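What follows is a short report on a single structure.
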Amino acid sequence: IRRLPRVIVREGRLSPNRKIRRFYKRLIRRTLKERPPGYETPLELEIRAGLYEDGDEKMPKIHELYEKERYGGEQCTREEVATLSCLSR
């Protein structure tokens with residue numbers, strides 16, 4: 001996961017895209033014991049971190065939101081961020 005500038009602000013708050021990236025980055029760093037190499041895909045990182053081993057139904061949706069934000073070229077909505085917050089509980 002590559003580093004982003006510390007402040008990406010829209011109207012005084014983090015943009016929905018930034019919130020999704022931040023959530024995903026924290027999730028990976030919490031579950032991996034070592035720092036992830038820069039060449040693995042998001043799916044490879046998730047598998048290596050063991051996020052799919054529990055049969056968790058939430059991870060595919062989290063992955064889909066991250067892929068949309070990172071590679072989709074479109075803005076994520078506040079509703080999607082709210083969905084992500086619900087999934088993290």
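Every chain in the structure tokens has a letter given in the order shown (A, B, ...), and although residue numbers restart at 1 in each chain, ligands are simply numbered from 1 in the order shown.
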*Show which residues sit within 12 Å of Ser88 of chain A, as a ChimeraX atom specification. Count only C-alpha atoms, and ignore same-chain residues fewer than 4 positions away.*
/A:20,23-24,26-27,56-59,61-62,81-84
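If only C-alpha atoms are the atoms counted, then among A:Cys76, A:His63, A:Thr31, A:Pro36 the closest residue to Ala49 of chain A is A:Thr31.
Atom CA of Asn17 of chain A sits 23.0 Å away from atom CA of Ile47 of chain A.
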*Mind the document's chain letters and residue numbers, and return as a ChimeraX atom specification the residues of chain A that DSSP labels alpha helix (DSSP H).*
/A:16-31,42-49,58-71,78-87
